[in-house]
$ cat coords_18.txt   # compact mmCIF, C-alpha atoms (C1' of nucleotides)
# COMPACT_ATOMS: atom_id res chain seq x y z
CA MET A 1 -52.33 -34.18 -24.78
CA PHE A 2 -53.15 -30.75 -23.49
CA GLU A 3 -54.55 -32.27 -20.31
CA LYS A 4 -51.18 -32.78 -18.67
CA PHE A 5 -50.31 -29.21 -19.40
CA ALA A 6 -53.59 -28.04 -17.94
CA VAL A 7 -52.96 -29.95 -14.73
CA TYR A 8 -49.49 -28.49 -14.54
CA LEU A 9 -50.72 -24.95 -15.08
CA LYS A 10 -53.36 -25.35 -12.46
CA GLU A 11 -51.22 -27.00 -9.81
CA LYS A 12 -47.88 -25.33 -10.33
CA ALA A 13 -48.77 -21.95 -11.73
CA SER A 14 -52.17 -21.57 -10.02
CA LEU A 15 -53.97 -20.63 -13.19
CA THR A 16 -57.74 -20.46 -13.16
CA ASP A 17 -59.81 -22.57 -15.50
CA GLU A 18 -60.55 -19.53 -17.61
CA GLN A 19 -56.88 -18.69 -17.91
CA ILE A 20 -56.13 -22.24 -18.88
CA GLU A 21 -58.68 -22.02 -21.66
CA GLU A 22 -56.93 -18.94 -22.95
CA VAL A 23 -53.66 -20.78 -22.89
CA ARG A 24 -55.22 -23.68 -24.69
CA ALA A 25 -56.31 -21.38 -27.48
CA VAL A 26 -52.73 -20.47 -28.35
CA THR A 27 -51.06 -23.79 -27.65
CA ILE A 28 -49.64 -25.88 -30.44
CA ASN A 29 -49.49 -29.65 -30.09
CA LYS A 30 -46.41 -31.33 -31.35
CA ARG A 31 -45.20 -34.89 -31.40
CA LEU A 32 -41.61 -35.81 -31.90
CA ARG A 33 -40.29 -39.21 -32.74
CA LYS A 34 -37.07 -40.43 -31.29
CA ARG A 35 -34.13 -38.65 -32.97
CA GLN A 36 -36.33 -35.98 -34.44
CA TYR A 37 -35.25 -32.35 -34.08
CA LEU A 38 -37.24 -29.77 -32.21
CA LEU A 39 -34.66 -27.13 -33.04
CA GLN A 40 -31.65 -27.27 -35.28
CA GLU A 41 -28.47 -25.24 -35.18
CA GLY A 42 -28.97 -22.07 -37.18
CA ASP A 43 -32.71 -21.93 -36.60
CA VAL A 44 -34.24 -19.19 -34.54
CA CYS A 45 -36.14 -20.44 -31.53
CA HIS A 46 -39.64 -18.99 -31.62
CA HIS A 47 -41.43 -21.05 -29.01
CA ASN A 48 -41.56 -21.90 -25.38
CA CYS A 49 -41.96 -25.65 -25.25
CA PHE A 50 -43.53 -27.66 -22.50
CA LEU A 51 -42.68 -31.32 -22.47
CA ALA A 52 -45.73 -33.39 -21.56
CA LYS A 53 -44.15 -36.73 -22.32
CA GLY A 54 -40.79 -38.07 -23.38
CA CYS A 55 -37.24 -36.91 -23.10
CA LEU A 56 -35.18 -34.34 -25.00
CA ARG A 57 -31.66 -33.06 -24.99
CA LEU A 58 -30.17 -29.69 -25.88
CA TYR A 59 -26.66 -29.95 -27.24
CA ARG A 60 -24.02 -28.16 -29.25
CA VAL A 61 -21.68 -29.64 -31.81
CA GLY A 62 -18.10 -28.52 -31.32
CA GLU A 63 -15.74 -27.66 -34.15
CA ASP A 64 -14.31 -31.14 -33.85
CA GLY A 65 -17.75 -32.58 -34.43
CA VAL A 66 -18.25 -33.75 -30.88
CA GLU A 67 -21.65 -33.31 -29.29
CA HIS A 68 -21.80 -31.57 -25.92
CA ILE A 69 -25.05 -31.86 -24.03
CA LEU A 70 -26.00 -28.73 -22.18
CA ARG A 71 -29.18 -30.09 -20.68
CA PHE A 72 -31.84 -32.73 -20.70
CA ALA A 73 -35.56 -32.33 -20.34
CA VAL A 74 -38.21 -34.77 -19.19
CA GLU A 75 -41.92 -34.62 -18.38
CA ASN A 76 -43.13 -31.28 -17.05
CA TRP A 77 -39.99 -29.40 -17.98
CA TRP A 78 -39.81 -26.44 -20.27
CA ILE A 79 -37.25 -26.26 -22.98
CA SER A 80 -36.12 -23.71 -25.50
CA ASP A 81 -32.93 -22.02 -26.55
CA GLN A 82 -33.08 -18.89 -24.44
CA GLU A 83 -30.33 -17.02 -26.17
CA SER A 84 -31.92 -17.53 -29.57
CA TYR A 85 -35.44 -16.99 -28.30
CA ASN A 86 -34.73 -13.81 -26.41
CA ASN A 87 -32.55 -12.18 -29.00
CA GLY A 88 -34.09 -13.56 -32.16
CA ILE A 89 -30.73 -14.84 -33.32
CA PRO A 90 -29.80 -18.18 -34.90
CA SER A 91 -29.29 -20.88 -32.33
CA LYS A 92 -25.89 -22.43 -31.69
CA ASN A 93 -27.62 -25.49 -30.32
CA ASN A 94 -29.73 -28.42 -31.34
CA ILE A 95 -32.65 -29.90 -29.50
CA ASP A 96 -33.79 -33.38 -30.34
CA ALA A 97 -35.81 -36.20 -28.89
CA LEU A 98 -34.24 -39.12 -27.04
CA GLU A 99 -37.63 -40.80 -26.90
CA ASP A 100 -40.91 -40.33 -28.68
CA SER A 101 -42.24 -37.18 -27.09
CA GLU A 102 -45.25 -34.94 -26.79
CA LEU A 103 -44.85 -31.21 -26.58
CA LEU A 104 -46.97 -28.13 -26.20
CA LEU A 105 -45.61 -25.06 -27.87
CA ILE A 106 -46.46 -21.43 -27.29
CA GLU A 107 -45.28 -18.88 -29.76
CA LYS A 108 -43.32 -15.94 -28.40
CA ASN A 109 -46.00 -13.30 -28.93
CA ASP A 110 -48.64 -15.47 -27.37
CA PHE A 111 -46.38 -16.27 -24.48
CA ASN A 112 -45.66 -12.60 -23.86
CA HIS A 113 -49.34 -11.95 -23.97
CA ILE A 114 -49.98 -14.55 -21.31
CA VAL A 115 -47.16 -13.28 -19.13
CA HIS A 116 -48.47 -9.77 -19.47
CA ASN A 117 -52.08 -10.58 -18.73
CA PHE A 118 -51.71 -13.21 -16.02
CA PRO A 119 -49.71 -11.89 -13.11
CA ASN A 120 -49.87 -15.26 -11.42
CA PHE A 121 -48.28 -16.87 -14.45
CA ARG A 122 -45.63 -14.19 -14.56
CA THR A 123 -44.74 -14.79 -10.94
CA PHE A 124 -44.53 -18.50 -11.60
CA LYS A 125 -42.36 -17.99 -14.67
CA ASP A 126 -40.02 -15.66 -12.81
CA ALA A 127 -39.64 -18.16 -9.99
CA LEU A 128 -38.86 -20.90 -12.50
CA LYS A 129 -36.21 -18.77 -14.16
CA ALA A 130 -34.69 -17.88 -10.83
CA ARG A 131 -34.46 -21.54 -9.88
CA SER A 132 -32.98 -22.52 -13.16
CA PHE A 133 -30.38 -19.82 -12.70
CA ASP A 134 -29.52 -21.22 -9.30
CA VAL A 135 -29.19 -24.65 -10.84
CA SER A 136 -26.80 -23.24 -13.42
CA GLN A 137 -24.67 -21.59 -10.78
CA ASN A 138 -24.47 -24.77 -8.78
CA ARG A 139 -23.54 -26.69 -11.86
CA ILE A 140 -20.75 -24.27 -12.63
CA MET A 141 -19.52 -24.69 -9.09
CA SER A 142 -19.55 -28.44 -9.55
CA ASN A 143 -17.77 -28.09 -12.88
CA ILE A 144 -14.89 -26.11 -11.42
CA SER A 145 -14.55 -27.84 -8.09
CA ASP A 146 -15.69 -31.46 -8.25
CA THR A 147 -13.85 -34.52 -9.43
CA ALA A 148 -15.41 -36.56 -12.20
CA GLU A 149 -16.71 -39.04 -9.66
CA GLU A 150 -18.30 -36.32 -7.57
CA LYS A 151 -19.91 -34.84 -10.65
CA TYR A 152 -21.39 -38.20 -11.51
CA LYS A 153 -22.65 -38.87 -7.98
CA ASN A 154 -24.08 -35.41 -7.95
CA PHE A 155 -25.89 -36.05 -11.17
CA ILE A 156 -27.54 -39.31 -10.24
CA LYS A 157 -28.53 -37.81 -6.92
CA SER A 158 -30.00 -34.69 -8.49
CA TYR A 159 -31.59 -36.41 -11.47
CA PRO A 160 -32.28 -40.04 -10.61
CA ASP A 161 -35.13 -40.04 -13.10
CA ILE A 162 -32.87 -38.92 -15.91
CA SER A 163 -29.87 -41.02 -15.01
CA ASN A 164 -31.62 -44.30 -15.56
CA ARG A 165 -33.31 -43.15 -18.67
CA VAL A 166 -30.61 -41.77 -20.89
CA PRO A 167 -27.53 -43.65 -22.09
CA LEU A 168 -24.37 -43.32 -20.07
CA HIS A 169 -22.38 -41.73 -22.84
CA MET A 170 -24.83 -38.84 -22.88
CA ILE A 171 -24.45 -38.32 -19.18
CA ALA A 172 -20.72 -38.27 -19.80
CA SER A 173 -21.24 -35.63 -22.43
CA PHE A 174 -23.37 -33.62 -20.03
CA LEU A 175 -20.75 -33.85 -17.32
CA GLY A 176 -17.85 -33.09 -19.61
CA VAL A 177 -15.96 -36.35 -19.25
CA SER A 178 -15.28 -39.08 -21.75
CA ARG A 179 -17.64 -42.03 -21.88
CA GLU A 180 -14.80 -44.40 -21.09
CA THR A 181 -13.86 -42.52 -17.96
CA LEU A 182 -17.44 -42.39 -16.78
CA SER A 183 -17.88 -46.06 -17.45
CA ARG A 184 -14.85 -46.86 -15.29
CA ILE A 185 -15.90 -44.49 -12.55
CA ARG A 186 -19.31 -46.03 -12.35
CA ASN A 187 -17.99 -49.57 -12.22
CA GLN A 188 -15.46 -48.88 -9.52
CA PHE A 189 -18.15 -47.01 -7.72
CA THR A 190 -20.69 -49.83 -7.82
CA LYS A 191 -18.02 -52.36 -6.84
CA THR A 192 -17.11 -50.62 -3.61
CA HIS A 193 -20.60 -49.52 -2.55
CA MET B 1 -20.97 8.06 -4.76
CA PHE B 2 -24.59 7.79 -5.81
CA GLU B 3 -23.84 9.78 -8.96
CA LYS B 4 -22.38 6.84 -10.86
CA PHE B 5 -25.43 4.82 -10.02
CA ALA B 6 -27.70 7.63 -11.16
CA VAL B 7 -25.92 7.83 -14.50
CA TYR B 8 -26.21 4.08 -14.86
CA LEU B 9 -29.90 4.06 -14.05
CA LYS B 10 -30.56 6.83 -16.49
CA GLU B 11 -28.53 5.49 -19.37
CA LYS B 12 -28.99 1.77 -19.01
CA ALA B 13 -32.37 1.43 -17.39
CA SER B 14 -33.93 4.61 -18.81
CA LEU B 15 -35.17 5.82 -15.46
CA THR B 16 -36.53 9.32 -15.20
CA ASP B 17 -35.02 11.85 -12.83
CA GLU B 18 -37.98 11.46 -10.50
CA GLN B 19 -37.59 7.71 -10.44
CA ILE B 20 -33.92 8.09 -9.72
CA GLU B 21 -34.73 10.25 -6.75
CA GLU B 22 -36.99 7.54 -5.44
CA VAL B 23 -34.22 5.06 -5.82
CA ARG B 24 -31.84 7.39 -4.05
CA ALA B 25 -34.16 7.53 -1.08
CA VAL B 26 -33.81 3.80 -0.44
CA THR B 27 -30.18 3.31 -1.43
CA ILE B 28 -27.55 2.52 1.14
CA ASN B 29 -23.97 3.61 0.57
CA LYS B 30 -21.30 1.16 1.52
CA ARG B 31 -17.55 1.20 1.29
CA LEU B 32 -15.50 -1.94 1.48
CA ARG B 33 -11.79 -2.10 2.03
CA LYS B 34 -9.73 -4.68 0.28
CA ARG B 35 -10.32 -8.11 1.80
CA GLN B 36 -13.45 -7.00 3.58
CA TYR B 37 -16.55 -9.17 3.34
CA LEU B 38 -19.76 -8.04 1.76
CA LEU B 39 -21.37 -11.37 2.54
CA GLN B 40 -20.11 -14.28 4.54
CA GLU B 41 -21.00 -17.93 4.30
CA GLY B 42 -24.02 -18.62 6.49
CA ASP B 43 -25.40 -15.09 6.22
CA VAL B 44 -28.63 -14.42 4.41
CA CYS B 45 -28.27 -12.07 1.50
CA HIS B 46 -30.76 -9.22 1.94
CA HIS B 47 -29.59 -6.72 -0.66
CA ASN B 48 -29.08 -6.13 -4.30
CA CYS B 49 -25.68 -4.53 -4.59
CA PHE B 50 -24.50 -2.26 -7.33
CA LEU B 51 -20.77 -1.87 -7.61
CA ALA B 52 -19.86 1.73 -8.40
CA LYS B 53 -16.15 1.29 -7.93
CA GLY B 54 -13.72 -1.50 -7.21
CA CYS B 55 -13.71 -5.23 -7.67
CA LEU B 56 -15.33 -8.11 -5.81
CA ARG B 57 -15.41 -11.85 -6.01
CA LEU B 58 -18.04 -14.40 -5.07
CA TYR B 59 -16.57 -17.71 -3.99
CA ARG B 60 -17.26 -20.87 -2.10
CA VAL B 61 -14.94 -22.74 0.20
CA GLY B 62 -14.86 -26.46 -0.49
CA GLU B 63 -14.71 -29.13 2.19
CA ASP B 64 -10.99 -29.34 1.60
CA GLY B 65 -10.69 -25.65 2.37
CA VAL B 66 -10.00 -24.61 -1.20
CA GLU B 67 -11.64 -21.45 -2.51
CA HIS B 68 -13.57 -21.69 -5.74
CA ILE B 69 -14.48 -18.42 -7.41
CA LEU B 70 -17.90 -18.45 -9.02
CA ARG B 71 -17.73 -14.94 -10.34
CA PHE B 72 -16.08 -11.55 -10.25
CA ALA B 73 -17.71 -8.14 -10.31
CA VAL B 74 -16.33 -4.79 -11.39
CA GLU B 75 -17.72 -1.29 -11.91
CA ASN B 76 -21.37 -1.16 -12.97
CA TRP B 77 -22.05 -4.78 -12.17
CA TRP B 78 -24.62 -6.04 -9.76
CA ILE B 79 -23.76 -8.65 -7.25
CA SER B 80 -25.61 -10.71 -4.68
CA ASP B 81 -26.13 -14.32 -3.79
CA GLN B 82 -29.28 -15.07 -5.72
CA GLU B 83 -30.04 -18.36 -4.11
CA SER B 84 -29.82 -16.88 -0.63
CA TYR B 85 -31.55 -13.66 -1.60
CA ASN B 86 -34.47 -15.26 -3.36
CA ASN B 87 -35.12 -18.00 -0.86
CA GLY B 88 -34.07 -16.28 2.33
CA ILE B 89 -31.70 -19.09 3.17
CA PRO B 90 -28.13 -18.96 4.49
CA SER B 91 -25.61 -18.43 1.75
CA LYS B 92 -23.12 -21.09 0.79
CA ASN B 93 -20.86 -18.42 -0.62
CA ASN B 94 -18.69 -15.52 0.41
CA ILE B 95 -18.38 -12.18 -1.29
CA ASP B 96 -15.39 -10.03 -0.54
CA ALA B 97 -13.48 -7.12 -1.99
CA LEU B 98 -10.36 -7.56 -4.10
CA GLU B 99 -9.86 -3.80 -4.08
CA ASP B 100 -11.23 -0.94 -2.02
CA SER B 101 -14.76 -0.65 -3.35
CA GLU B 102 -17.86 1.50 -3.32
CA LEU B 103 -21.27 -0.08 -3.35
CA LEU B 104 -24.88 0.95 -3.41
CA LEU B 105 -27.23 -1.44 -1.69
CA ILE B 106 -30.96 -1.76 -2.01
CA GLU B 107 -32.82 -3.82 0.51
CA LYS B 108 -35.06 -6.57 -0.84
CA ASN B 109 -38.38 -4.91 0.02
CA ASP B 110 -37.27 -1.62 -1.44
CA PHE B 111 -36.02 -3.35 -4.53
CA ASN B 112 -39.29 -5.18 -5.03
CA HIS B 113 -41.09 -1.92 -4.58
CA ILE B 114 -39.03 -0.34 -7.34
CA VAL B 115 -39.51 -3.29 -9.66
CA HIS B 116 -43.20 -3.21 -9.03
CA ASN B 117 -43.65 0.52 -9.55
CA PHE B 118 -41.25 1.15 -12.41
CA PRO B 119 -42.06 -1.02 -15.40
CA ASN B 120 -39.04 0.32 -17.26
CA PHE B 121 -36.81 -0.83 -14.44
CA ARG B 122 -38.49 -4.19 -14.38
CA THR B 123 -37.89 -4.65 -18.08
CA PHE B 124 -34.28 -3.69 -17.62
CA LYS B 125 -33.83 -6.06 -14.71
CA ASP B 126 -35.43 -8.92 -16.62
CA ALA B 127 -33.15 -8.33 -19.58
CA LEU B 128 -30.13 -8.32 -17.28
CA LYS B 129 -31.17 -11.59 -15.71
CA ALA B 130 -31.76 -13.14 -19.08
CA ARG B 131 -28.32 -12.12 -20.25
CA SER B 132 -26.67 -13.38 -17.14
CA PHE B 133 -28.42 -16.68 -17.65
CA ASP B 134 -27.07 -16.86 -21.18
CA VAL B 135 -23.61 -16.14 -19.85
CA SER B 136 -23.98 -18.99 -17.39
CA GLN B 137 -25.05 -21.40 -20.09
CA ASN B 138 -22.14 -20.45 -22.29
CA ARG B 139 -19.81 -20.86 -19.38
CA ILE B 140 -21.14 -24.33 -18.69
CA MET B 141 -20.61 -25.17 -22.33
CA SER B 142 -17.05 -23.95 -22.07
CA ASN B 143 -16.55 -25.92 -18.88
CA ILE B 144 -17.61 -29.19 -20.42
CA SER B 145 -16.11 -28.78 -23.86
CA ASP B 146 -13.05 -26.52 -23.83
CA THR B 147 -9.47 -27.34 -22.96
CA ALA B 148 -7.83 -25.35 -20.20
CA GLU B 149 -6.10 -23.18 -22.75
CA GLU B 150 -9.35 -22.44 -24.56
CA LYS B 151 -11.01 -21.59 -21.29
CA TYR B 152 -8.26 -19.13 -20.52
CA LYS B 153 -8.31 -17.52 -23.96
CA ASN B 154 -12.05 -17.31 -23.69
CA PHE B 155 -11.77 -15.58 -20.38
CA ILE B 156 -9.29 -12.91 -21.36
CA LYS B 157 -11.29 -12.27 -24.49
CA SER B 158 -14.59 -11.99 -22.64
CA TYR B 159 -13.24 -10.09 -19.67
CA PRO B 160 -10.09 -8.21 -20.66
CA ASP B 161 -10.82 -5.66 -17.96
CA ILE B 162 -10.93 -8.32 -15.26
CA SER B 163 -8.06 -10.42 -16.50
CA ASN B 164 -5.47 -7.71 -16.00
CA ARG B 165 -6.86 -6.67 -12.71
CA VAL B 166 -7.13 -9.79 -10.62
CA PRO B 167 -4.28 -12.15 -9.77
CA LEU B 168 -3.75 -15.13 -12.02
CA HIS B 169 -4.40 -17.68 -9.33
CA MET B 170 -7.90 -16.31 -8.93
CA ILE B 171 -8.55 -16.64 -12.62
CA ALA B 172 -7.34 -20.20 -12.28
CA SER B 173 -9.83 -20.71 -9.47
CA PHE B 174 -12.58 -19.22 -11.61
CA LEU B 175 -11.73 -21.49 -14.50
CA GLY B 176 -11.33 -24.59 -12.39
CA VAL B 177 -7.66 -25.30 -13.08
CA SER B 178 -4.69 -25.18 -10.77
CA ARG B 179 -2.65 -21.98 -10.64
CA GLU B 180 0.46 -23.81 -11.78
CA THR B 181 -1.25 -25.17 -14.85
CA LEU B 182 -2.63 -21.78 -15.76
CA SER B 183 0.76 -20.19 -15.27
CA ARG B 184 2.30 -22.68 -17.68
CA ILE B 185 -0.48 -22.32 -20.20
CA ARG B 186 -0.16 -18.59 -20.22
CA ASN B 187 3.60 -18.66 -20.67
CA GLN B 188 3.55 -21.13 -23.52
CA PHE B 189 0.76 -19.11 -25.00
CA THR B 190 2.61 -15.80 -24.88
CA LYS B 191 5.77 -17.43 -26.21
CA THR B 192 4.15 -18.70 -29.38
CA HIS B 193 1.92 -15.70 -30.11
C1' DC C 1 14.70 -0.12 5.99
C1' DC C 2 13.86 -4.74 7.10
C1' DC C 3 10.58 -8.31 7.07
C1' DT C 4 6.53 -10.48 5.96
C1' DT C 5 3.15 -11.65 2.72
C1' DG C 6 1.34 -12.56 -1.61
C1' DA C 7 1.87 -13.64 -6.43
C1' DT C 8 4.15 -16.07 -9.89
C1' DG C 9 7.26 -19.35 -12.20
C1' DT C 10 9.21 -23.85 -12.72
C1' DG C 11 11.00 -28.57 -12.13
C1' DA C 12 9.88 -33.33 -10.75
C1' DT C 13 6.59 -36.53 -10.09
C1' DA C 14 1.99 -38.56 -9.41
C1' DA C 15 -2.68 -38.91 -10.60
C1' DA C 16 -6.49 -38.27 -13.51
C1' DT C 17 -8.37 -38.31 -17.77
C1' DG C 18 -8.47 -38.83 -22.81
C1' DT C 19 -7.76 -41.59 -26.90
C1' DC C 20 -7.60 -45.63 -29.65
C1' DA C 21 -8.77 -50.22 -30.45
C1' DC C 22 -11.47 -54.02 -29.91
C1' DG C 23 -15.12 -57.24 -28.27
C1' DC C 24 -19.53 -58.34 -26.45
C1' DG C 25 -24.46 -58.35 -26.06
C1' DC C 26 -28.82 -56.66 -27.04
C1' DA C 27 -32.55 -54.95 -29.65
C1' DA C 28 -34.44 -53.33 -33.77
C1' DT C 29 -34.78 -54.05 -38.64
C1' DT C 30 -35.04 -56.63 -42.67
C1' DA D 1 -32.54 -66.12 -38.76
C1' DA D 2 -29.26 -62.97 -40.12
C1' DT D 3 -27.69 -58.32 -39.97
C1' DT D 4 -26.90 -53.93 -38.36
C1' DG D 5 -26.36 -50.28 -35.13
C1' DC D 6 -25.85 -48.88 -30.59
C1' DG D 7 -24.42 -48.87 -25.85
C1' DC D 8 -21.15 -50.35 -22.86
C1' DG D 9 -16.88 -52.29 -21.00
C1' DT D 10 -11.99 -52.62 -20.89
C1' DG D 11 -6.96 -52.86 -21.91
C1' DA D 12 -2.95 -50.19 -23.45
C1' DC D 13 -1.03 -46.08 -23.96
C1' DA D 14 -0.67 -40.88 -24.52
C1' DT D 15 -1.72 -36.58 -22.78
C1' DT D 16 -3.21 -33.40 -19.60
C1' DT D 17 -3.47 -31.74 -15.25
C1' DA D 18 -2.63 -31.75 -10.24
C1' DT D 19 0.47 -31.78 -6.51
C1' DC D 20 4.57 -30.81 -4.00
C1' DA D 21 8.61 -28.30 -3.36
C1' DC D 22 11.25 -24.50 -3.83
C1' DA D 23 12.92 -19.97 -5.74
C1' DT D 24 12.21 -15.31 -7.08
C1' DC D 25 10.24 -10.87 -6.99
C1' DA D 26 7.39 -7.01 -5.72
C1' DA D 27 4.54 -4.49 -2.51
C1' DG D 28 3.34 -3.01 1.88
C1' DG D 29 3.45 -2.81 6.97
C1' DG D 30 5.85 -2.20 11.08
$ encode --input "coords_18.txt" --output "C-alpha cells"
Amino acid sequence: MFEKFAVYLKEKASLTDEQIEEVRAVTINKRLRKRQYLLQEGDVCHHNCFLAKGCLRLYRVGEDGVEHILRFAVENWWISDQESYNNGIPSKNNIDALEDSELLLIEKNDFNHIVHNFPNFRTFKDALKARSFDVSQNRIMSNISDTAEEKYKNFIKSYPDISNRVPLHMIASFLGVSRETLSRIRNQFTKTH
Amino acid sequence: MFEKFAVYLKEKASLTDEQIEEVRAVTINKRLRKRQYLLQEGDVCHHNCFLAKGCLRLYRVGEDGVEHILRFAVENWWISDQESYNNGIPSKNNIDALEDSELLLIEKNDFNHIVHNFPNFRTFKDALKARSFDVSQNRIMSNISDTAEEKYKNFIKSYPDISNRVPLHMIASFLGVSRETLSRIRNQFTKTH
DNA sequence: CCCTTGATGTGATAAATGTCACGCGCAATT
DNA sequence: AATTGCGCGTGACATTTATCACATCAAGGG
C-alpha cells in the first residue's frame, strides 16, 4: 500500500530512496470503506492524507441539511481540511469515501519535519499548493461567470476521470446546481452533440 | 510612500530594521491613477505588489465582453496574478485602479531572494497564502450554496471597508449576479431591516 | 456652467433554475 | 425471488434571476 506513495514521492517530488524510507517511518496506513468518514464536522484535522486508491469527497452540510461538495479526490491526490489543519480548529466539513479507499496519513508534526528537512519536498509541496490555489481561482471565475451548462462542460473536460466515476447528483452539488437541472442539461447536451 | 510598507513589514511580518532596509533596496515605487492598469490581459506578471494606498480590482473579460471581478484589493493587501507570476505565462486577467493608488513592487527574483534569506518573511508569506486559500475555499462554498442575498450579506460583513468604497455594480460582478438584481436585493434588504 | 459620463433604481418581460412529485431500473441485501 | 435503497429522468409549476429599456441623480471635465 505504501508502494504507490513511494512511486509518487520519487517521480513527482524527486525524493531519494533514503528520504522515502524516512517518510515511510512516519506514514500511517488507513483503509476506508465506502461511506466511511475520514473526517467529520467538528473534528480537528491532524493529518495530511495521500489517496493511493479510491475516491473521496469533502463536503459541508448547510443549515437546511443539504450537502455541498467542495471537492473530490482520487488516486494520487492529497486531501485534508486546510483551515482546520492549519489553525487547529474544528472542521466545518466532512470527508468521506465514495469508494473503498486506501490512504496514507502523515501527522502534522511529522509532515512539518519532512518539509523542514527535505527542501526538495518543500518545493514540491509549495508548487502543489500554488497550483491548487490557481485551480480555486479559476473555479471561482467559472462560478461567477459561466452558465450551468458551461460549468458542467468545464467539469467533465477538467476531470473526465472523476465525472464518470461519481454520481451525477454529486457533480451537481459540486457545481452548485440542482440535480434535476444538471440531468436536463446533460441530456439536451448529449442529444445535440 | 515606503513608510507604510515598512510599518507593515515590521508589525505583520516581524522583519528587523536591517531586513527592512534590504527590502527597501529592491522595492519599486509606483503610483496609479484611477482607471490605470497595473496589469493587462496578455502581459506576464513579474511583480509582487503591495498596496499602500488606494483600491484595485482584478478582473477578467469574458468572451461576451463582460467584466468579471475576481477580487478587490485595498490598503495593506498584496496583489498579483498568481497563475501568470508563478508560471511565467500571459495573464488572462486585468488589474486596474479604482482610485488613485500607491504601490510598492518587488520583482520576482528579488522577492525570491527575500523569501530565501529571511525565514521570518517566508513564514509570514506562507501563512498569508494559506489564509488566502481558505478564503477562496469559503468563497467557493458560498458560490455553490448561498442565495444571492446571502452572498451579498456575506460580502458586506466580510468586507465592510470595500463594500462602501466600490460601486455596487462591481460588487455584483464580484458576486456573480447582475447589477439590477443586486440593487433590488439591497433595497428590499434595507427596507426590512 | 453646461454636458457628458457613470452609477443606481425600477418596471416589464423572458429565461434559467429550483422544487415537488412520481416512476423506472438496477444492484445490493436478505 | 423479493425487497430495499439509490441514481436518474422528467413533467408541472414556482421562484429566482437576467435582460432590456428608460429615468434620475451626482460628479467631473471642458
$ interface_residues --input "coords_18.txt" --of "chain D" --to "chain A" --cutoff "10 Å" --atoms "only C-alpha atoms (C1' of nucleotides)" --output "mmCIF file with C-alpha atoms (C1' of nucleotides), in the frame of the given file"
data_model
loop_
_atom_site.group_PDB
_atom_site.id
_atom_site.type_symbol
_atom_site.label_atom_id
_atom_site.label_comp_id
_atom_site.auth_asym_id
_atom_site.auth_seq_id
_atom_site.Cartn_x
_atom_site.Cartn_y
_atom_site.Cartn_z
ATOM 1 C "C1'" DG D 7 -24.420 -48.870 -25.850
ATOM 2 C "C1'" DC D 8 -21.150 -50.350 -22.860
ATOM 3 C "C1'" DG D 9 -16.880 -52.290 -21.000
ATOM 4 C "C1'" DT D 10 -11.990 -52.620 -20.890
#
$ residues_around --input "coords_18.txt" --residues "DA18 (chain D)" --least-positions-apart "3" --cutoff "10 Å" --atoms "all atoms listed in the file" --output "PDB file with C-alpha atoms (C1' of nucleotides), in the coordinates of the input"
ATOM      1  CA  VAL B 177      -7.660 -25.300 -13.080  1.00  0.00           C
ATOM      2  CA  SER B 178      -4.690 -25.180 -10.770  1.00  0.00           C
ATOM      3  CA  ARG B 179      -2.650 -21.980 -10.640  1.00  0.00           C
ATOM      4  CA  GLU B 180       0.460 -23.810 -11.780  1.00  0.00           C
ATOM      5  CA  THR B 181      -1.250 -25.170 -14.850  1.00  0.00           C
TER       6      THR B 181
ATOM      7  C1'  DA C  14       1.990 -38.560  -9.410  1.00  0.00           C
ATOM      8  C1'  DA C  15      -2.680 -38.910 -10.600  1.00  0.00           C
ATOM      9  C1'  DA C  16      -6.490 -38.270 -13.510  1.00  0.00           C
TER      10       DA C  16
END
$ closest_atom_pairs --input "coords_18.txt" --of "chain B" --to "chain A" --cutoff "10 Å" --atoms "all atoms listed in the file" --output "CSV"
residue,atom,partner,partner_atom,distance
B:Tyr59,CA,A:Met141,CA,9.1
B:Arg60,CA,A:Met141,CA,8.3
B:Val61,CA,A:Ser145,CA,9.7
B:Gly62,CA,A:Ser145,CA,7.7
B:Val66,CA,A:Ser145,CA,8.9
B:Glu67,CA,A:Ser145,CA,9.0
B:His68,CA,A:Ser145,CA,6.7
B:Ile69,CA,A:Met141,CA,8.2
B:Leu70,CA,A:Met141,CA,6.4
B:Arg71,CA,A:Gln137,CA,9.6
B:Asp81,CA,A:Asp134,CA,9.5
B:Gln82,CA,A:Asp134,CA,7.1
B:Glu83,CA,A:Asp134,CA,5.9
B:Ser84,CA,A:Asp134,CA,9.7
B:Asn86,CA,A:Ala130,CA,7.9
B:Asn87,CA,A:Arg131,CA,9.7
B:Asp126,CA,A:Asp126,CA,9.0
B:Ala127,CA,A:Asn86,CA,8.9
B:Lys129,CA,A:Ala130,CA,8.7
B:Ala130,CA,A:Asn86,CA,7.9
B:Arg131,CA,A:Glu83,CA,7.9
B:Ser132,CA,A:Phe133,CA,8.7
B:Phe133,CA,A:Phe133,CA,6.2
B:Asp134,CA,A:Glu83,CA,6.0
B:Val135,CA,A:Glu83,CA,9.3
B:Ser136,CA,A:Ser136,CA,6.5
B:Gln137,CA,A:Ser136,CA,7.1
B:Asn138,CA,A:Leu70,CA,9.1
B:Arg139,CA,A:Ile140,CA,7.6
B:Ile140,CA,A:Ile140,CA,6.1
B:Met141,CA,A:Leu70,CA,6.5
B:Ser142,CA,A:Gly176,CA,9.5
B:Asn143,CA,A:Asn143,CA,6.5
B:Ile144,CA,A:Gly176,CA,4.0
B:Ser145,CA,A:Gly176,CA,6.3
B:Asp146,CA,A:Gly176,CA,9.2
B:Ala172,CA,A:Ile144,CA,9.6
B:Ser173,CA,A:Ile144,CA,7.7
B:Phe174,CA,A:Ile144,CA,7.3
B:Leu175,CA,A:Ile144,CA,6.4
B:Gly176,CA,A:Ile144,CA,4.0
B:Val177,CA,A:Ile144,CA,7.5
$ atom_distance --input "coords_18.txt" --atom1 "CA of Lys30 (chain B)" --atom2 "CA of Pro119 (chain B)"
26.9 Å
$ residues_around --input "coords_18.txt" --residues "DG5 (chain D)" --least-positions-apart "3" --cutoff "12 Å" --atoms "all atoms listed in the file" --output "PyMOL selection string"
chain C and resi 26-29
$ atom_distance --input "coords_18.txt" --atom1 "CA of Val7 (chain B)" --atom2 "CA of Asn117 (chain B)"
19.8 Å
$ closest_residue --input "coords_18.txt" --among "C:DG6, C:DA12, C:DC20, C:DG25" --to "DG11 (chain D)" --atoms "only C-alpha atoms (C1' of nucleotides)"
C:DC20
